[in-house]
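Visitor: start_0.txt is reproduced in full below (compact mmCIF, C-alpha atoms and all ligand atoms).
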# COMPACT_ATOMS: atom_id res chain seq x y z
CA MET D 26 -105.50 99.43 -165.92
CA SER D 27 -102.25 99.88 -164.08
CA LYS D 28 -101.72 98.48 -160.58
CA ASP D 29 -98.69 100.62 -159.76
CA LYS D 30 -96.54 103.31 -161.33
CA PHE D 31 -94.49 100.97 -163.49
CA GLN D 32 -97.07 98.30 -164.23
CA ILE D 33 -99.42 98.78 -167.18
CA SER D 34 -102.08 96.55 -168.79
CA PHE D 35 -103.45 96.45 -172.36
CA ASN D 36 -106.43 94.56 -173.80
CA GLU D 37 -105.93 92.17 -176.71
CA GLY D 38 -105.53 94.04 -180.00
CA THR D 39 -104.36 97.35 -178.43
CA THR D 40 -101.35 99.05 -180.03
CA ILE D 41 -98.62 99.58 -177.41
CA PHE D 42 -96.38 101.73 -179.59
CA ILE D 43 -96.12 102.59 -183.28
CA GLU D 44 -93.12 102.43 -185.60
CA GLY D 45 -91.67 105.92 -186.10
CA GLU D 46 -92.76 107.44 -182.80
CA ALA D 47 -90.34 108.57 -180.10
CA GLY D 48 -89.90 105.95 -177.40
CA GLU D 49 -90.08 107.04 -173.78
CA CYS D 50 -89.79 103.61 -172.15
CA ALA D 51 -89.00 99.92 -172.65
CA TYR D 52 -91.24 97.11 -171.40
CA ILE D 53 -90.90 93.74 -169.74
CA VAL D 54 -93.76 91.29 -170.37
CA GLN D 55 -95.26 90.10 -167.09
CA GLU D 56 -98.35 88.40 -168.49
CA GLY D 57 -99.55 87.68 -172.04
CA THR D 58 -98.02 87.97 -175.49
CA VAL D 59 -96.96 90.97 -177.61
CA ASP D 60 -96.51 90.93 -181.41
CA LEU D 61 -93.91 93.15 -183.07
CA TYR D 62 -94.57 94.29 -186.65
CA ALA D 63 -92.52 96.32 -189.11
CA LEU D 64 -93.69 98.06 -192.22
CA LEU D 65 -92.07 96.56 -195.35
CA ASN D 66 -93.20 97.60 -198.81
CA GLY D 67 -96.17 99.27 -197.19
CA GLN D 68 -97.16 95.93 -195.73
CA SER D 69 -97.15 95.07 -192.06
CA VAL D 70 -94.89 92.05 -191.48
CA SER D 71 -94.74 90.19 -188.18
CA LEU D 72 -91.14 90.26 -186.90
CA THR D 73 -91.34 88.46 -183.59
CA GLN D 74 -93.36 87.71 -180.47
CA PHE D 75 -92.55 88.57 -176.88
CA ASN D 76 -93.70 86.44 -173.99
CA LYS D 77 -93.44 86.48 -170.19
CA GLY D 78 -90.04 87.77 -169.08
CA ASP D 79 -89.04 89.25 -172.47
CA LEU D 80 -87.74 92.82 -172.72
CA PHE D 81 -88.76 94.89 -175.74
CA GLY D 82 -88.70 98.49 -176.94
CA GLU D 83 -85.25 99.04 -175.40
CA MET D 84 -83.44 100.12 -178.56
CA ALA D 85 -85.17 103.48 -178.92
CA LEU D 86 -84.00 104.33 -175.41
CA ILE D 87 -80.32 103.84 -175.98
CA ASP D 88 -79.65 106.26 -178.81
CA ASN D 89 -82.76 108.44 -179.00
CA GLN D 90 -83.88 106.95 -182.31
CA LEU D 91 -87.54 106.43 -183.19
CA ARG D 92 -89.38 103.15 -182.62
CA SER D 93 -88.29 100.68 -185.27
CA GLY D 94 -91.42 98.51 -185.05
CA THR D 95 -95.06 98.50 -183.96
CA ALA D 96 -95.97 96.53 -180.83
CA VAL D 97 -99.50 95.14 -180.46
CA ALA D 98 -100.99 93.15 -177.57
CA ALA D 99 -101.67 89.66 -178.98
CA SER D 100 -103.67 88.84 -175.84
CA ASP D 101 -104.57 90.75 -172.70
CA VAL D 102 -101.14 91.75 -171.39
CA THR D 103 -99.52 93.16 -168.27
CA LEU D 104 -96.21 94.95 -168.79
CA LEU D 105 -93.59 96.53 -166.57
CA ARG D 106 -92.43 99.92 -167.84
CA VAL D 107 -88.69 100.74 -167.77
CA PRO D 108 -88.57 104.56 -168.12
CA LYS D 109 -86.10 106.22 -170.45
CA ASN D 110 -84.27 108.17 -167.72
CA TYR D 111 -83.51 104.88 -165.93
CA ILE D 112 -81.54 103.71 -168.89
CA GLU D 113 -80.11 107.07 -169.99
CA THR D 114 -78.44 107.86 -166.67
CA ARG D 115 -76.95 104.37 -166.53
CA ILE D 116 -75.51 104.70 -170.02
CA ASP D 117 -74.22 108.20 -169.26
CA LYS D 118 -72.46 106.92 -166.17
CA SER D 119 -70.95 103.93 -167.93
CA ASP D 120 -67.52 103.95 -169.48
CA ASP D 121 -67.58 106.09 -172.65
CA ILE D 122 -66.09 103.29 -174.74
CA VAL D 123 -68.90 100.98 -173.65
CA SER D 124 -71.61 103.53 -174.43
CA ALA D 125 -70.04 104.48 -177.78
CA LEU D 126 -69.80 100.82 -178.78
CA LEU D 127 -73.36 100.16 -177.67
CA LYS D 128 -74.55 102.86 -180.05
CA VAL D 129 -72.43 101.48 -182.88
CA VAL D 130 -73.83 97.98 -182.35
CA LEU D 131 -77.36 99.35 -182.44
CA ASN D 132 -76.70 101.35 -185.61
CA ARG D 133 -75.26 98.27 -187.28
CA PHE D 134 -78.32 96.29 -186.25
CA ARG D 135 -80.69 98.88 -187.72
CA GLU D 136 -78.67 99.09 -190.92
CA MET D 137 -78.78 95.32 -191.37
CA ARG D 138 -82.51 95.43 -190.91
CA ASP D 139 -82.86 98.29 -193.43
CA ARG D 140 -80.69 96.43 -195.90
CA LEU D 141 -82.83 93.32 -195.62
CA ALA D 142 -85.90 95.46 -196.08
CA LYS D 143 -84.43 97.02 -199.23
CA VAL D 144 -83.54 93.63 -200.65
CA ALA D 145 -87.08 92.57 -199.89
CA MET D 146 -88.25 95.68 -201.78
CA GLY D 147 -86.46 94.46 -204.91
CA LYS D 148 -83.24 96.52 -204.76
CA SER D 149 -80.08 94.65 -205.61
CA LEU D 150 -77.80 93.61 -202.80
CA TYR D 151 -75.15 95.85 -204.39
CA GLN D 152 -77.43 98.91 -204.22
CA ALA D 153 -78.40 98.10 -200.68
CA ASN D 154 -74.73 97.76 -199.73
CA GLU D 155 -73.89 101.14 -201.26
CA GLU D 156 -76.57 102.77 -199.18
CA LEU D 157 -75.41 100.94 -196.10
CA GLN D 158 -71.86 102.26 -196.49
CA GLN D 159 -73.24 105.77 -196.82
CA LEU D 160 -75.05 105.31 -193.53
CA ASP D 161 -71.99 103.79 -191.92
CA ARG D 162 -69.97 106.90 -192.74
CA SER D 163 -72.65 109.20 -191.42
CA ASN D 164 -72.84 107.59 -187.99
CA GLY D 165 -69.15 107.04 -187.42
CA ASP D 166 -68.88 109.42 -184.42
CA GLY D 167 -69.35 106.68 -181.86
CA VAL D 168 -66.68 104.62 -183.57
CA LYS D 169 -64.34 107.62 -183.58
CA VAL D 170 -64.74 108.20 -179.84
CA ALA D 171 -64.22 104.52 -179.06
CA THR D 172 -61.28 104.22 -181.46
CA TYR D 173 -59.55 107.29 -180.03
CA ARG D 174 -59.91 106.04 -176.46
CA ILE D 175 -58.69 102.56 -177.35
CA GLU D 176 -55.69 104.01 -179.22
CA GLN D 177 -54.80 106.29 -176.28
CA GLU D 178 -55.07 103.44 -173.82
CA ASP D 179 -52.87 101.31 -176.03
CA LYS D 180 -50.27 104.11 -176.31
CA LEU D 181 -50.18 104.59 -172.55
CA ARG D 182 -49.83 100.83 -171.97
CA GLN D 183 -47.02 100.74 -174.52
CA ALA D 184 -45.30 103.79 -172.97
CA PHE D 185 -45.40 102.11 -169.57
CA HIS D 186 -43.99 98.92 -171.05
CA ASP D 187 -41.25 100.82 -172.94
CA ASN D 188 -40.17 102.77 -169.80
CA HIS D 189 -41.33 106.09 -171.20
CA LEU D 190 -42.86 107.09 -167.88
CA GLU D 191 -40.52 108.84 -165.47
CA LEU D 192 -40.59 110.61 -162.15
CA TYR D 193 -39.70 114.24 -161.64
CA TYR D 194 -38.93 115.53 -158.15
CA GLN D 195 -39.79 118.89 -156.61
CA PRO D 196 -38.08 119.96 -153.38
CA ILE D 197 -40.04 120.81 -150.22
CA ILE D 198 -38.27 123.00 -147.69
CA SER D 199 -38.65 123.67 -143.97
CA ILE D 200 -39.81 127.27 -143.91
CA ALA D 201 -38.19 128.12 -140.56
CA ASP D 202 -34.61 127.49 -141.70
CA GLY D 203 -34.82 126.92 -145.45
CA SER D 204 -33.34 123.42 -145.25
CA ILE D 205 -34.59 120.66 -147.55
CA ALA D 206 -37.15 118.45 -145.82
CA GLY D 207 -38.35 116.30 -148.65
CA CYS D 208 -39.55 116.16 -152.21
CA GLU D 209 -42.69 115.24 -154.11
CA SER D 210 -42.49 112.70 -156.93
CA LEU D 211 -44.51 113.79 -159.98
CA ILE D 212 -45.01 111.60 -163.00
CA ARG D 213 -44.23 112.56 -166.61
CA TRP D 214 -44.69 110.70 -169.92
CA ARG D 215 -41.73 111.23 -172.20
CA ASP D 216 -43.09 110.49 -175.65
CA PRO D 217 -40.43 110.13 -178.38
CA GLU D 218 -42.56 112.20 -180.79
CA LYS D 219 -44.67 114.53 -178.63
CA GLY D 220 -42.03 115.23 -175.96
CA LEU D 221 -42.93 115.61 -172.30
CA ILE D 222 -46.61 114.98 -171.50
CA PRO D 223 -47.88 116.34 -168.14
CA PRO D 224 -49.85 114.11 -165.75
CA ILE D 225 -53.06 116.05 -166.27
CA ASP D 226 -53.14 114.68 -169.83
CA PHE D 227 -52.97 111.00 -168.91
CA ILE D 228 -53.70 110.31 -165.21
CA GLY D 229 -57.45 110.39 -165.91
CA LEU D 230 -57.04 107.85 -168.71
CA ALA D 231 -54.87 105.68 -166.48
CA GLU D 232 -57.57 105.83 -163.79
CA ASP D 233 -60.45 105.04 -166.17
CA THR D 234 -58.67 102.04 -167.61
CA GLY D 235 -57.31 100.68 -164.33
CA LEU D 236 -53.74 101.11 -165.64
CA ILE D 237 -53.19 103.42 -162.68
CA ILE D 238 -52.79 100.35 -160.44
CA PRO D 239 -49.64 98.85 -162.07
CA ILE D 240 -48.33 102.33 -162.92
CA SER D 241 -48.66 103.45 -159.29
CA GLU D 242 -46.92 100.35 -158.02
CA TRP D 243 -44.05 101.21 -160.31
CA ILE D 244 -44.11 104.84 -159.10
CA ILE D 245 -43.94 103.81 -155.44
CA GLU D 246 -41.07 101.39 -156.04
CA GLU D 247 -39.19 103.93 -158.14
CA ALA D 248 -39.70 106.67 -155.49
CA CYS D 249 -38.55 104.34 -152.66
CA ASN D 250 -35.38 103.49 -154.57
CA ALA D 251 -34.76 107.15 -155.40
CA ARG D 252 -35.17 108.08 -151.73
CA GLY D 253 -32.17 105.81 -150.99
CA ARG D 254 -30.07 107.71 -153.53
CA PHE D 255 -31.19 111.13 -152.21
CA ALA D 256 -30.50 110.08 -148.61
CA ALA D 257 -26.83 109.61 -149.51
CA ILE D 258 -26.76 113.42 -149.87
CA TYR D 259 -29.58 114.47 -147.50
CA PRO D 260 -29.93 111.68 -144.90
CA ASP D 261 -33.32 112.81 -143.53
CA ILE D 262 -35.02 113.61 -146.81
CA TYR D 263 -38.55 112.27 -147.35
CA VAL D 264 -40.14 111.34 -150.65
CA SER D 265 -43.82 111.89 -151.14
CA VAL D 266 -45.95 109.89 -153.58
CA ASN D 267 -49.43 110.66 -154.94
CA LEU D 268 -52.03 107.93 -154.57
CA SER D 269 -55.10 107.79 -156.78
CA PRO D 270 -58.67 107.16 -155.51
CA ARG D 271 -58.84 103.98 -157.64
CA GLN D 272 -56.11 102.39 -155.54
CA PHE D 273 -58.34 102.58 -152.47
CA GLU D 274 -61.02 100.41 -154.05
CA SER D 275 -59.13 97.31 -152.98
CA MET D 276 -57.53 96.36 -149.67
CA SER D 277 -54.68 94.79 -151.66
CA LEU D 278 -53.17 98.29 -151.83
CA VAL D 279 -51.78 97.69 -148.33
CA ASP D 280 -50.13 94.35 -149.19
CA ASN D 281 -48.72 95.75 -152.43
CA ILE D 282 -47.19 98.74 -150.68
CA ALA D 283 -45.85 96.55 -147.85
CA ALA D 284 -44.21 94.27 -150.45
CA ILE D 285 -42.55 97.27 -152.14
CA PHE D 286 -41.27 98.50 -148.77
CA ASP D 287 -39.78 95.06 -148.06
CA LYS D 288 -38.19 94.81 -151.47
CA THR D 289 -36.64 98.30 -151.47
CA LYS D 290 -35.73 98.23 -147.75
CA VAL D 291 -36.75 101.90 -147.59
CA ASP D 292 -37.04 103.75 -144.28
CA THR D 293 -40.85 103.83 -144.35
CA SER D 294 -41.02 106.83 -142.02
CA LYS D 295 -39.53 108.78 -144.95
CA VAL D 296 -42.25 107.77 -147.39
CA TYR D 297 -45.19 110.20 -147.39
CA LEU D 298 -48.39 109.15 -149.12
CA GLU D 299 -50.53 111.96 -150.57
CA ILE D 300 -54.27 111.49 -150.92
CA THR D 301 -57.07 113.93 -151.74
CA GLU D 302 -60.35 114.73 -150.03
CA THR D 303 -62.16 113.02 -152.92
CA THR D 304 -60.41 109.79 -151.96
CA LEU D 305 -61.39 110.18 -148.30
CA MET D 306 -65.02 110.73 -149.18
CA SER D 307 -65.34 108.01 -151.82
CA ASP D 308 -65.74 105.30 -149.19
CA PRO D 309 -64.83 106.80 -145.78
CA VAL D 310 -64.98 103.51 -143.85
CA GLN D 311 -62.80 101.51 -146.24
CA VAL D 312 -60.38 104.42 -146.73
CA ALA D 313 -60.00 104.95 -142.96
CA ASN D 314 -59.33 101.23 -142.61
CA ILE D 315 -56.68 101.24 -145.35
CA LEU D 316 -55.05 104.40 -144.01
CA SER D 317 -54.70 102.95 -140.51
CA LYS D 318 -53.02 99.86 -142.00
CA LEU D 319 -50.68 102.10 -144.02
CA LYS D 320 -49.91 104.04 -140.83
CA ALA D 321 -49.07 100.75 -139.15
CA LEU D 322 -46.32 100.38 -141.77
CA ASN D 323 -44.91 103.59 -140.27
CA THR D 324 -45.64 105.83 -143.26
CA VAL D 325 -46.83 109.44 -143.12
CA ILE D 326 -50.20 110.44 -144.63
CA ALA D 327 -50.65 113.85 -146.28
CA LEU D 328 -53.96 115.37 -147.38
CA ASP D 329 -53.34 117.02 -150.77
CA ASP D 330 -55.03 120.11 -152.29
CA PHE D 331 -56.64 120.92 -148.95
CA GLY D 332 -59.29 123.61 -149.22
CA THR D 333 -60.50 122.72 -152.70
CA GLY D 334 -62.79 119.82 -151.85
CA TYR D 335 -65.11 119.31 -148.91
CA SER D 336 -62.83 121.51 -146.82
CA SER D 337 -64.38 120.43 -143.61
CA PHE D 338 -62.33 120.00 -140.50
CA SER D 339 -65.16 118.01 -138.98
CA TYR D 340 -64.12 114.77 -140.67
CA LEU D 341 -60.35 115.11 -140.27
CA HIS D 342 -60.22 113.43 -136.87
CA ARG D 343 -61.74 110.29 -138.41
CA PHE D 344 -58.64 109.69 -140.50
CA PRO D 345 -55.01 109.28 -139.43
CA ILE D 346 -53.74 112.34 -141.30
CA ASP D 347 -50.35 113.82 -140.39
CA ILE D 348 -49.97 116.61 -142.92
CA LEU D 349 -52.24 119.12 -144.63
CA LYS D 350 -51.08 120.42 -148.00
CA ILE D 351 -52.73 123.82 -148.45
CA ASP D 352 -53.80 124.12 -152.06
CA GLN D 353 -51.76 126.42 -154.25
CA SER D 354 -54.80 128.51 -155.21
CA PHE D 355 -54.78 130.05 -151.70
CA VAL D 356 -51.03 130.62 -151.68
CA PHE D 357 -51.00 132.24 -155.17
CA THR D 358 -53.63 134.79 -154.19
CA MET D 359 -52.65 135.29 -150.56
CA MET D 360 -50.66 138.50 -151.07
CA ASN D 361 -53.48 140.28 -152.93
CA ASN D 362 -56.54 138.74 -151.42
CA PHE D 363 -57.38 139.23 -147.76
CA LYS D 364 -59.67 136.19 -147.62
CA SER D 365 -57.06 133.82 -149.04
CA LYS D 366 -54.55 135.12 -146.55
CA GLU D 367 -56.93 134.54 -143.64
CA ILE D 368 -57.71 131.04 -144.90
CA VAL D 369 -54.01 130.20 -145.00
CA ARG D 370 -53.48 131.70 -141.54
CA THR D 371 -56.46 129.78 -140.11
CA LEU D 372 -55.41 126.50 -141.70
CA CYS D 373 -51.91 126.85 -140.23
CA THR D 374 -53.28 127.52 -136.73
CA LEU D 375 -55.91 124.81 -136.88
CA ALA D 376 -53.51 122.19 -138.28
CA SER D 377 -51.07 122.94 -135.52
CA SER D 378 -53.73 122.59 -132.82
CA LEU D 379 -54.76 119.23 -134.34
CA GLY D 380 -51.12 118.10 -134.18
CA MET D 381 -50.69 118.15 -137.96
CA LYS D 382 -47.97 119.74 -140.02
CA VAL D 383 -48.66 122.05 -142.96
CA VAL D 384 -47.13 122.16 -146.45
CA ALA D 385 -47.94 125.33 -148.41
CA GLU D 386 -48.04 124.49 -152.12
CA GLY D 387 -47.44 126.87 -155.03
CA VAL D 388 -44.94 129.24 -153.39
CA GLU D 389 -43.84 131.46 -156.27
CA GLN D 390 -42.43 134.54 -154.49
CA GLN D 391 -40.15 135.49 -151.63
CA GLU D 392 -42.95 137.53 -149.97
CA GLU D 393 -45.19 134.47 -149.82
CA LEU D 394 -42.46 132.54 -148.06
CA SER D 395 -41.99 135.33 -145.49
CA GLN D 396 -45.71 135.56 -144.92
CA LEU D 397 -45.92 131.78 -144.45
CA ASN D 398 -43.09 132.03 -141.94
CA THR D 399 -45.11 134.49 -139.84
CA PHE D 400 -48.00 131.98 -139.94
CA LYS D 401 -45.58 129.29 -138.71
CA ALA D 402 -46.31 127.07 -141.71
CA ASP D 403 -43.94 124.12 -141.51
CA TYR D 404 -43.04 123.41 -145.11
CA GLY D 405 -43.12 125.17 -148.49
CA GLN D 406 -43.15 123.85 -152.05
CA GLY D 407 -43.25 125.84 -155.26
CA TYR D 408 -41.53 127.37 -158.27
CA TYR D 409 -39.84 129.98 -156.06
CA ILE D 410 -37.81 127.18 -154.50
CA ALA D 411 -37.58 125.00 -157.62
CA LYS D 412 -39.72 123.46 -160.34
CA PRO D 413 -40.10 119.69 -160.56
CA MET D 414 -37.04 118.21 -162.30
CA PRO D 415 -35.65 114.88 -163.52
CA GLU D 416 -33.76 112.79 -160.95
CA LYS D 417 -30.34 113.68 -162.32
CA ASP D 418 -31.04 117.42 -161.93
CA PHE D 419 -32.58 116.88 -158.51
CA VAL D 420 -29.42 115.13 -157.28
CA GLU D 421 -27.43 118.09 -158.60
CA PHE D 422 -29.84 120.45 -156.83
CA LEU D 423 -29.37 118.61 -153.52
CA THR D 424 -25.61 118.64 -153.91
CA THR D 425 -25.36 122.38 -154.50
CA TYR D 426 -28.29 123.62 -152.38
CA GLN D 427 -27.55 126.23 -149.74
CA ASN D 428 -30.15 127.57 -147.37
P1 LIG E 501 -50.45 117.83 -157.21
O1 LIG E 501 -50.27 116.54 -156.49
O2 LIG E 501 -51.21 118.90 -156.50
O3 LIG E 501 -49.00 118.30 -157.61
C1 LIG E 501 -48.57 119.64 -157.57
C2 LIG E 501 -48.63 120.24 -158.93
O4 LIG E 501 -48.39 121.63 -158.84
C3 LIG E 501 -47.54 119.68 -159.86
O5 LIG E 501 -48.06 119.67 -161.18
C4 LIG E 501 -46.45 120.75 -159.72
O6 LIG E 501 -45.61 120.82 -160.84
C5 LIG E 501 -47.29 122.00 -159.63
N1 LIG E 501 -46.59 123.09 -158.94
C6 LIG E 501 -45.71 122.98 -157.93
N2 LIG E 501 -45.29 124.20 -157.53
C7 LIG E 501 -45.94 125.10 -158.30
C8 LIG E 501 -45.92 126.55 -158.38
O7 LIG E 501 -45.23 127.24 -157.64
N3 LIG E 501 -46.74 127.12 -159.30
C9 LIG E 501 -47.52 126.37 -160.12
N4 LIG E 501 -48.27 127.01 -161.02
N5 LIG E 501 -47.56 125.03 -160.09
C10 LIG E 501 -46.78 124.40 -159.18
P2 LIG E 501 -47.91 118.41 -162.09
O8 LIG E 501 -46.59 117.76 -161.89
O9 LIG E 501 -48.31 118.83 -163.46
O10 LIG E 501 -48.99 117.42 -161.50
C11 LIG E 501 -50.36 117.72 -161.58
C12 LIG E 501 -51.18 116.74 -160.83
O11 LIG E 501 -51.11 115.44 -161.43
C13 LIG E 501 -50.71 116.52 -159.41
O12 LIG E 501 -51.18 117.57 -158.62
C14 LIG E 501 -51.35 115.19 -159.10
O13 LIG E 501 -52.72 115.36 -158.81
C15 LIG E 501 -51.24 114.47 -160.42
N6 LIG E 501 -50.04 113.63 -160.38
C16 LIG E 501 -48.76 113.94 -160.64
N7 LIG E 501 -47.95 112.89 -160.48
C17 LIG E 501 -48.74 111.87 -160.08
C18 LIG E 501 -48.50 110.50 -159.73
O14 LIG E 501 -47.34 110.01 -159.71
N8 LIG E 501 -49.57 109.75 -159.37
C19 LIG E 501 -50.83 110.27 -159.33
N9 LIG E 501 -51.84 109.46 -158.98
N10 LIG E 501 -51.12 111.55 -159.65
C20 LIG E 501 -50.07 112.34 -160.01
CA CA E 502 -49.59 115.97 -154.62
CA CA E 503 -51.48 119.53 -154.52
Write the structure described by the file as structure tokens, please.
Guide:
Amino acid sequence: MSKDKFQISFNEGTTIFIEGEAGECAYIVQEGTVDLYALLNGQSVSLTQFNKGDLFGEMALIDNQLRSGTAVAASDVTLLRVPKNYIETRIDKSDDIVSALLKVVLNRFREMRDRLAKVAMGKSLYQANEELQQLDRSNGDGVKVATYRIEQEDKLRQAFHDNHLELYYQPIISIADGSIAGCESLIRWRDPEKGLIPPIDFIGLAEDTGLIIPISEWIIEEACNARGRFAAIYPDIYVSVNLSPRQFESMSLVDNIAAIFDKTKVDTSKVYLEITETTLMSDPVQVANILSKLKALNTVIALDDFGTGYSSFSYLHRFPIDILKIDQSFVFTMMNNFKSKEIVRTLCTLASSLGMKVVAEGVEQQEELSQLNTFKADYGQGYYIAKPMPEKDFVEFLTTYQN
């Protein structure tokens, strides 16, 4: 008789689950004793006993395999049920290397058990081993996933160590007069074999593995130093840097950035930090706190890809944001799509009334630039002006640029 939803009681001698059936929950023993049996050679053999506080029946939940033993109440027992979806969602949410390895460990465990059973059934150890290897090959998918991820992580770590990461720079112009206002730093991985790898192919990996933290510190330092070199040609130029949501998980971001500013002696009012709406919403209180400390260092905060996320003006006043970067998807379609055009127009007006500046991203044509000018958008960035380029080319671009 169960007292609540998760608590369940069995009388002595009752079968709780049977080997071979699908498992829909695990159990924790609250009172009494449970015997676990397995069928070997057609005979039921006692494997182990579970007492108060022990967890059992959990294996079937992890990889959807059938129950590998039969559980019987050795006395009157009270158990706590742990439903399958509790465990499944947690495994799904966990790191994919962890979940792949968990499945491998379980498979190995079952194979060992099967091998022992076969030896017990009179097969030679050699025969049993042969069969085990067969099995090992057939459930290698988890290993493959884990191996691939570990290899990729190792390659990225090595690339960072070997200075194969580099920053490209894309100019940002003042729309009113066409002069250069700043540039955005965009990371690339220059692999000796594969060539140039775009950020979309490795930023996610860097974020999942935490490598984004040291990589970003390097990016910020590199961009601050580059800003000094660009300022020799364009004294007022700003450099903008992308920050990842992972960096906002720790307050140490502020100290790390402050230390880089000290070391590079950069004019901090010329360092723009780009964050996304996802970052703002991940932990609004902590992020607002960090942003106000970054503002106190005299930096400028830009909200990237605006319009693609929560797109709500209602929260903007809660954060010290100076610049809205209108996502390129609106700018691309603006000339052919009335709604996009109205969104861009509205964002420009609203930003201005909130005292923010606007950067229109993804400007690919002259007409878009003219249209943005009529909307009084402050800045423009896109292939029409120039694609992102290595520092050497960017210096050349600054030297020869005429508005
Ligand atoms: P983002 O911050 O929105 O960067 C703008 C992206 O749009 C860049 O792609 C840029 O090359 C591209 N772009 C600029 N103008 C145009 C245009 O006119 N047309 C088109 N089709 N594309 C244009 P990229 O360099 O591949 O970067 C992609 C994303 O990767 C960035 O999007 C950003 O989210 C991330 N990323 C890049 N560098 C860094 C970095 O240093 N740190 C972090 N955390 N993320 C970065
Ligand atoms: Ca950006
Ligand atoms: Ca963007």
Visitor: Let me have all residues with an atom within 7 Å of ligand LIG 501 (chain E), counting only C-alpha atoms and all ligand atoms, laid out as a ChimeraX atom specification.
Guide: /D:210-212,223-225,228,241,244,266-269,329-330,386-389,406-409,412-413
Visitor: Record the distance separating atom CA of Lys350 of chain D and atom CA of Tyr259 of chain D, expressed in Å with one decimal.
Guide: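 Rounded to one decimal, the two atoms are 22.3 Å apart.
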Visitor: Using all atoms listed in the file, pick whichever of D:Thr234, D:Thr114, D:Ser71, D:Ser265 has the shortest atom-to-atom distance to ligand CA 502 (chain E).
Guide: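 Smallest separation from ligand CA 502 (chain E) among the options: D:Ser265.
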Visitor: Within 7 Å of (-42.7, 120.3, -149.4) (file coordinates; all atoms listed in the file), which protein or nucleic acid residues are there? I'd like them as a VMD selection string.
Guide: chain D and resid 196 to 198 206 to 209 384 404 to 406
Visitor: Taking all atoms listed in the file into account, which of D:Lys295, D:Lys290, D:Arg343, D:Arg252 comes nearest Val420 of chain D?
Guide: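 Answer, going by the shortest atom-to-atom distance: D:Arg252.
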Visitor: Go through D:Tyr52, D:Phe355, D:Phe42, D:Phe331 one by one, measure the shortest atom-to-atom distance of each to ligand CA 503 (chain E) using only C-alpha atoms and all ligand atoms, and give the residue with the smallest value.
Guide: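 Between D:Tyr52, D:Phe355, D:Phe42, D:Phe331, the residue approaching ligand CA 503 (chain E) most closely is D:Phe331.
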Visitor: Within 9 Å of segment 324-326 of chain D, counting all atoms listed in the file, which residues show up once you throw out same-chain ones fewer than 5 positions away? Write them as a count of residues only, please.
Guide: 17
Visitor: For ligand CA 502 (chain E), which residue among D:Ala385, D:Leu375, D:Ile87, D:Leu61 is the nearest when counting only C-alpha atoms and all ligand atoms?
Guide: D:Ala385
Visitor: Give the centre and edge lengths of an axis-aligned box, in Å to one decimal, that holds all listed atoms of segment 404-410 of chain D with 3 Å on each side, as JSON.
Guide:
{"center_x": -40.5, "center_y": 126.7, "center_z": -151.7, "size_x": 11.4, "size_y": 12.6, "size_z": 19.2}
Visitor: Taking all atoms listed in the file into account, which of D:Val356, D:Met414, D:Ala402, D:Val59 comes nearest ligand CA 503 (chain E)?
Guide: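 Using all atoms listed in the file, ligand CA 503 (chain E) sits closest to D:Val356.
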Visitor: When you draw a straight line from atom CA of Ile245 of chain D to atom CA of Ala411 of chain D, how long is it in Å?
Guide: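 Between these atoms lies a distance of 22.2 Å.
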Visitor: For atom CA of Gly229 of chain D and atom CA of Lys417 of chain D, quote the distance in Å rounded to one decimal.
Guide: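 Spanning atom CA of Gly229 of chain D to atom CA of Lys417 of chain D is a straight-line distance of 27.5 Å.
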Visitor: I want to know what sits within 12 Å of Leu230 of chain D, based on all atoms listed in the file, with residues of the same chain fewer than 2 positions away left out; could you give that as JSON, numbers by chain?
Guide: {"D": [120, 121, 122, 173, 174, 175, 176, 177, 178, 179, 180, 181, 182, 224, 225, 226, 227, 228, 232, 233, 234, 235, 236, 237, 238, 240, 271]}
Visitor: Out of D:Val264, D:Met360, D:Leu221, D:Leu322, which residue has the shortest atom-to-atom distance to ligand CA 502 (chain E) when counting all atoms listed in the file?
Guide: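 For ligand CA 502 (chain E), the nearest of the candidates is D:Val264.
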Visitor: Residues near Ala201 of chain D, anyone? I mean within 12 Å using all atoms listed in the file, not counting same-chain ones fewer than 3 positions away, as a list in words.
Guide: Ile198, Ser204, Ile205, Ala206, Leu394, Ser395, Gln396, Leu397, Asn398, Thr399, Phe400, Lys401, Ala402, Asp403, Tyr404, Gly405 and Asn428 of chain D
